[in-house]
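Engineer: Okay, so here is upload.txt, and as you'll see once you scroll down, it has compact mmCIF, C-alpha atoms.
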# COMPACT_ATOMS: atom_id res chain seq x y z
CA MET N 1482 -11.78 68.45 -104.12
CA VAL N 1483 -8.26 68.57 -102.77
CA PHE N 1484 -5.48 66.90 -104.72
CA GLY N 1485 -1.97 66.78 -103.29
CA PHE N 1486 1.29 64.94 -103.67
CA SER N 1487 4.10 66.83 -101.97
CA ALA N 1488 7.49 66.30 -100.31
CA GLY N 1489 9.04 63.97 -102.87
CA GLU N 1490 6.14 61.66 -103.54
CA LEU N 1491 6.43 62.08 -107.33
CA PRO N 1492 10.17 62.17 -108.13
CA GLY N 1493 11.08 62.76 -111.76
CA TYR N 1494 7.55 62.64 -113.22
CA ARG N 1495 5.93 64.98 -115.69
CA ILE N 1496 2.56 66.54 -115.01
CA GLU N 1497 -0.23 65.02 -117.07
CA VAL N 1498 -3.75 66.39 -116.71
CA PHE N 1499 -6.92 64.45 -117.52
CA LEU N 1500 -10.04 66.40 -116.73
CA PRO N 1501 -12.92 64.20 -115.50
CA SER N 1502 -16.33 64.60 -117.07
CA LYS N 1503 -18.04 64.49 -113.65
CA HIS N 1504 -17.22 65.82 -110.21
CA VAL N 1505 -15.27 63.50 -107.94
CA ARG N 1506 -17.00 62.63 -104.64
CA LEU N 1507 -14.99 61.62 -101.63
CA THR N 1508 -15.63 58.44 -99.68
CA LYS N 1509 -16.00 58.43 -95.93
CA SER N 1510 -12.36 57.40 -95.49
CA GLU N 1511 -11.28 60.60 -97.29
CA GLU N 1512 -13.34 63.01 -95.24
CA GLU N 1513 -10.34 64.67 -93.54
CA VAL N 1514 -7.59 66.25 -95.64
CA GLU N 1515 -4.67 68.46 -94.66
CA PHE N 1516 -3.80 71.03 -97.32
CA ILE N 1517 -1.28 73.88 -97.48
CA THR N 1518 -2.50 77.12 -99.01
CA LYS N 1519 -1.34 80.71 -98.55
CA LYS N 1520 1.66 79.28 -96.64
CA ARG N 1521 -0.69 77.88 -94.00
CA SER N 1522 -1.58 74.28 -93.30
CA GLU N 1523 -5.31 73.81 -93.01
CA THR N 1524 -7.39 70.69 -92.27
CA TYR N 1525 -10.66 70.23 -94.11
CA LYS N 1526 -13.32 67.77 -92.97
CA GLY N 1527 -16.68 66.59 -94.08
CA ASP N 1528 -18.80 68.88 -96.20
CA ALA N 1529 -16.13 71.64 -96.10
CA LEU N 1530 -14.21 69.62 -98.68
CA TYR N 1531 -16.90 70.34 -101.25
CA PHE N 1532 -16.24 74.09 -100.88
CA MET N 1533 -12.45 73.83 -101.03
CA SER N 1534 -10.58 72.58 -104.08
CA GLY N 1535 -6.89 72.78 -104.83
CA VAL N 1536 -3.82 71.07 -106.25
CA ASP N 1537 -0.55 70.66 -104.35
CA LEU N 1538 2.38 69.05 -106.18
CA SER N 1539 5.11 70.95 -104.36
CA CYS N 1540 8.53 69.64 -103.25
CA ASN N 1541 8.82 66.92 -105.88
CA GLN N 1542 11.14 66.59 -108.85
CA LEU N 1543 8.60 67.25 -111.57
CA THR N 1544 10.09 68.21 -114.92
CA GLY N 1545 8.90 69.61 -118.23
CA GLU N 1546 6.50 72.43 -118.93
CA ILE N 1547 3.33 73.19 -116.99
CA PRO N 1548 0.38 71.78 -118.98
CA HIS N 1549 -1.93 74.52 -120.17
CA GLU N 1550 -4.88 72.24 -119.33
CA ILE N 1551 -4.42 73.14 -115.67
CA GLY N 1552 -5.94 76.48 -116.61
CA HIS N 1553 -9.24 74.67 -117.21
CA LEU N 1554 -9.53 73.70 -113.53
CA THR N 1555 -11.62 76.81 -113.05
CA ASP N 1556 -12.98 75.88 -109.62
CA ILE N 1557 -9.72 75.37 -107.71
CA HIS N 1558 -8.83 77.84 -104.96
CA ALA N 1559 -5.14 76.96 -104.61
CA LEU N 1560 -2.37 75.71 -106.88
CA ASN N 1561 1.08 74.88 -105.53
CA LEU N 1562 3.77 73.67 -107.94
CA SER N 1563 6.73 75.08 -106.03
CA HIS N 1564 10.13 73.42 -105.41
CA ASN N 1565 10.22 71.34 -108.57
CA GLN N 1566 12.19 71.47 -111.82
CA LEU N 1567 9.45 72.76 -114.07
CA SER N 1568 10.55 74.77 -117.10
CA GLY N 1569 9.01 76.80 -119.90
CA PRO N 1570 6.58 79.70 -119.65
CA ILE N 1571 3.72 80.28 -117.27
CA PRO N 1572 0.58 79.20 -119.20
CA GLU N 1573 -1.69 82.06 -120.19
CA THR N 1574 -4.62 79.76 -119.48
CA PHE N 1575 -4.03 80.39 -115.76
CA SER N 1576 -6.11 83.52 -116.33
CA ASN N 1577 -9.12 81.17 -116.42
CA LEU N 1578 -8.63 80.22 -112.76
CA LYS N 1579 -11.21 82.77 -111.66
CA GLN N 1580 -11.63 81.31 -108.17
CA ILE N 1581 -7.96 80.88 -107.32
CA GLU N 1582 -6.73 82.54 -104.14
CA SER N 1583 -3.19 81.12 -103.85
CA LEU N 1584 -0.77 80.48 -106.74
CA ASP N 1585 2.76 79.32 -105.88
CA LEU N 1586 5.20 78.58 -108.72
CA SER N 1587 8.39 79.44 -106.86
CA HIS N 1588 11.71 77.56 -106.94
CA ASN N 1589 11.45 76.15 -110.46
CA ARG N 1590 13.09 76.89 -113.80
CA LEU N 1591 10.27 78.80 -115.41
CA SER N 1592 11.21 81.31 -118.11
CA GLY N 1593 9.60 84.03 -120.17
CA GLU N 1594 7.33 86.82 -119.01
CA ILE N 1595 4.58 86.76 -116.41
CA PRO N 1596 1.35 86.74 -118.46
CA PRO N 1597 -0.43 90.08 -118.07
CA GLN N 1598 -3.73 88.20 -118.25
CA LEU N 1599 -3.16 87.12 -114.64
CA THR N 1600 -4.27 90.58 -113.52
CA LYS N 1601 -7.82 89.35 -114.16
CA LEU N 1602 -7.59 86.99 -111.15
CA ASN N 1603 -9.55 89.15 -108.74
CA PHE N 1604 -9.50 86.68 -105.83
CA LEU N 1605 -5.75 86.08 -105.92
CA SER N 1606 -4.32 87.03 -102.51
CA ALA N 1607 -1.09 84.95 -102.43
CA PHE N 1608 1.21 84.92 -105.47
CA ASN N 1609 4.81 83.65 -105.59
CA VAL N 1610 7.05 83.16 -108.63
CA SER N 1611 10.35 83.78 -106.88
CA HIS N 1612 13.58 81.96 -107.75
CA ASN N 1613 12.92 81.17 -111.40
CA ASN N 1614 14.35 82.44 -114.69
CA LEU N 1615 11.53 84.83 -115.51
CA SER N 1616 12.22 88.02 -117.45
CA GLY N 1617 10.53 91.16 -118.75
CA VAL N 1618 8.30 93.77 -117.18
CA LEU N 1619 6.00 92.88 -114.30
CA PRO N 1620 2.24 93.13 -114.86
CA ASP N 1621 0.61 96.49 -114.26
CA MET N 1622 0.61 97.04 -110.50
CA MET N 1623 -2.50 99.21 -110.77
CA LYS N 1624 -4.64 96.33 -112.03
CA GLY N 1625 -6.35 93.74 -109.87
CA GLN N 1626 -4.61 92.12 -106.95
CA PHE N 1627 -1.07 92.62 -108.25
CA GLY N 1628 -0.84 95.92 -106.43
CA THR N 1629 -0.79 93.99 -103.14
CA PHE N 1630 2.19 91.76 -103.90
CA GLY N 1631 5.62 92.81 -102.63
CA GLU N 1632 9.17 92.26 -103.80
CA THR N 1633 9.39 88.84 -102.14
CA SER N 1634 6.90 87.47 -104.67
CA TYR N 1635 9.41 88.06 -107.50
CA GLU N 1636 12.88 87.85 -105.93
CA GLY N 1637 15.46 85.55 -107.47
CA ASN N 1638 14.56 86.58 -111.04
CA PRO N 1639 17.35 89.00 -112.01
CA LEU N 1640 15.82 89.73 -115.43
CA LEU N 1641 12.49 90.91 -114.04
CA CYS N 1642 11.96 94.65 -113.70
CA GLY N 1643 9.32 97.18 -112.84
CA PRO N 1644 7.60 98.05 -109.54
CA PRO N 1645 8.13 96.82 -106.88
CA LEU N 1646 11.50 95.67 -108.30
CA LYS N 1647 14.19 97.83 -109.92
CA SER N 1648 13.33 100.20 -112.71
CA CYS N 1649 13.41 98.92 -116.28
CA PHE N 1650 15.34 102.05 -117.29
CA SER N 1651 18.40 101.57 -115.10
CA THR N 1652 21.41 103.51 -116.29
CA SER N 1653 24.60 101.70 -117.19
CA PRO N 1654 27.65 102.55 -115.12
CA LEU N 1655 29.73 105.38 -116.49
CA PRO N 1656 33.10 104.44 -117.97
CA PRO N 1657 36.07 105.33 -115.79
CA SER N 1658 37.45 108.74 -116.56
CA MET N 1659 40.89 109.06 -118.09
CA PRO N 1660 43.59 110.14 -115.64
CA THR N 1661 44.48 113.78 -116.08
CA THR N 1662 48.04 114.83 -116.69
CA SER N 1663 49.91 117.22 -114.40
CA GLY N 1664 49.76 119.93 -117.10
CA ASP N 1665 45.97 119.79 -117.16
CA GLU N 1666 45.83 120.00 -113.38
CA ASP N 1667 48.11 123.05 -113.34
CA TYR N 1668 46.03 124.73 -116.02
CA GLY N 1669 42.89 124.14 -113.99
CA HIS N 1670 44.51 125.53 -110.85
CA ASP N 1671 45.64 128.65 -112.74
CA ILE N 1672 42.10 129.29 -113.97
CA ILE N 1673 40.73 128.99 -110.46
CA PHE N 1674 43.43 131.31 -109.06
CA TYR N 1675 42.89 134.04 -111.67
CA ALA N 1676 39.14 133.84 -111.31
CA CYS N 1677 39.34 134.21 -107.52
CA PHE N 1678 41.87 137.05 -107.84
CA SER N 1679 39.67 138.93 -110.33
CA VAL N 1680 36.59 138.58 -108.17
CA SER N 1681 38.55 139.81 -105.12
CA CYS N 1682 39.80 142.89 -106.99
CA ILE N 1683 36.35 143.77 -108.26
CA MET N 1684 34.82 143.40 -104.81
CA SER N 1685 37.57 145.52 -103.21
CA PHE N 1686 37.08 148.26 -105.80
CA LEU N 1687 33.32 148.30 -105.27
CA VAL N 1688 33.73 148.49 -101.50
CA PHE N 1689 36.20 151.34 -101.89
CA ILE N 1690 33.83 153.29 -104.15
CA ALA N 1691 30.98 152.70 -101.71
CA LEU N 1692 33.03 154.06 -98.79
CA LEU N 1693 33.93 157.22 -100.75
CA TYR N 1694 30.31 157.73 -101.66
CA ILE N 1695 29.13 157.36 -98.07
CA ASN N 1696 31.87 159.28 -96.20
CA ARG N 1697 32.40 162.86 -97.43
CA TYR N 1698 35.56 163.40 -95.37
CA TRP N 1699 37.27 160.34 -96.79
CA ARG N 1700 36.15 161.40 -100.24
CA GLY N 1701 37.83 164.76 -99.79
CA LEU N 1702 41.05 163.16 -98.56
CA TYR N 1703 41.05 160.79 -101.50
CA PHE N 1704 40.71 163.50 -104.10
CA TYR N 1705 43.32 165.62 -102.28
CA PHE N 1706 45.70 162.67 -102.36
CA VAL N 1707 44.96 162.09 -106.04
CA ASP N 1708 45.62 165.75 -106.82
CA ALA N 1709 48.88 165.65 -104.86
CA CYS N 1710 50.02 162.57 -106.72
CA ILE N 1711 49.16 164.17 -110.07
CA TYR N 1712 51.05 167.37 -109.27
CA SER N 1713 54.01 165.43 -107.90
CA CYS N 1714 54.20 163.30 -111.03
CA TYR N 1715 53.80 166.38 -113.25
CA TYR N 1716 56.60 168.35 -111.59
CA PHE N 1717 58.83 165.29 -111.41
CA ALA N 1718 58.43 164.72 -115.11
CA LEU N 1719 58.98 168.44 -115.82
CA ASP N 1720 62.12 168.62 -113.70
CA SER N 1721 63.47 165.48 -115.33
CA TYR N 1722 62.84 166.98 -118.78
CA TYR N 1723 64.66 170.24 -118.04
CA PHE N 1724 67.52 168.40 -116.35
CA ALA N 1725 67.99 166.18 -119.37
CA LEU N 1726 67.71 169.17 -121.70
CA ASP N 1727 70.40 171.11 -119.79
CA ASN N 1728 72.76 168.13 -119.93
CA VAL N 1729 72.30 167.84 -123.69
CA GLN N 1730 72.89 171.54 -124.28
CA GLU N 1731 75.95 171.47 -122.07
CA ALA N 1732 77.36 168.53 -123.98
CA PHE N 1733 77.02 170.35 -127.31
CA THR N 1734 78.44 173.72 -126.09
CA GLN N 1735 81.61 172.30 -124.51
CA PRO N 1736 84.70 172.86 -126.74
CA ARG N 1737 86.33 169.82 -128.22
CA ALA N 1738 89.82 168.99 -127.00
Go ahead and render the structure in this file as structure tokens.
Structural biologist:
Amino acid sequence: MVFGFSAGELPGYRIEVFLPSKHVRLTKSEEEVEFITKKRSETYKGDALYFMSGVDLSCNQLTGEIPHEIGHLTDIHALNLSHNQLSGPIPETFSNLKQIESLDLSHNRLSGEIPPQLTKLNFLSAFNVSHNNLSGVLPDMMKGQFGTFGETSYEGNPLLCGPPLKSCFSTSPLPPSMPTTSGDEDYGHDIIFYACFSVSCIMSFLVFIALLYINRYWRGLYFYFVDACIYSCYYFALDSYYFALDNVQEAFTQPRA
């Protein structure tokens, strides 16, 4: 059974579902039906219609919530309610559509979370809820067919998160840092300068010690130079002491006028 009213044939109506007690048989005048499923237009004729069942109410102006009774149409293979003005949550009863292969609810005003029970739809190969007002975490991608659906199935819902969309633990942007004063900048530059200067001095000293350890001739010259400097400083200090002492003694021994 294929049931379809699309492209504006039901403007402004609500969806009402009345489930028949018996299966509906098609007359000979209804033996050829064109139906869109999985984004493809297919034509079904004759006995093939008894193996294909679906509902297409896309591209109308249907309003209100999706009736949960649709979830009792357990034999349908395709359901297309896209491009309407439907609101409210996605019925959890859709998890009863065990034979469904294509479910298109895009371009509506649906809200709430995507029911996790939909992961039980093992034959679902085309799923689209893009451009709604859905929110929350996407169903577990490791369960059922939901691991095969890409980002395009959920785009246009900024409050949805989780793979394959953005992470649910996105970090908030950091507040802008306060502008530093010139005094703080100078202090930071001084620290960097003194640190670099200290490291350079330590490295130079270590290189110098290494050269003295390796080269015996340079080591001898260094110690000779050190000894010469020590003796020069010693005798300079001694001469200065005696010179000062002589001047003091001379000042005290001179007769007063």
Engineer: Provide the CA of Gln1598 (chain N) to CA of Leu1619 (chain N) distance in Å, to one decimal place.
Structural biologist: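 Interatomic distance, CA of Gln1598 (chain N) to CA of Leu1619 (chain N): 11.5 Å.
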Engineer: I want to know what sits within 10 Å of Cys1649 (chain N), based on only C-alpha atoms, with residues of the same chain fewer than 2 positions away left out; could you give that as a list in words?
Structural biologist: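 That gives Gly1617, Val1618, Leu1619, Leu1640, Leu1641, Cys1642, Gly1643, Pro1644, Leu1646, Lys1647, Ser1651 and Thr1652 of chain N.
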Engineer: Would you compute the distance between CA of Ser1634 (chain N) and CA of Leu1591 (chain N)? Give it in Å to one decimal.
Structural biologist: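 Distance between the two atoms: 14.2 Å.
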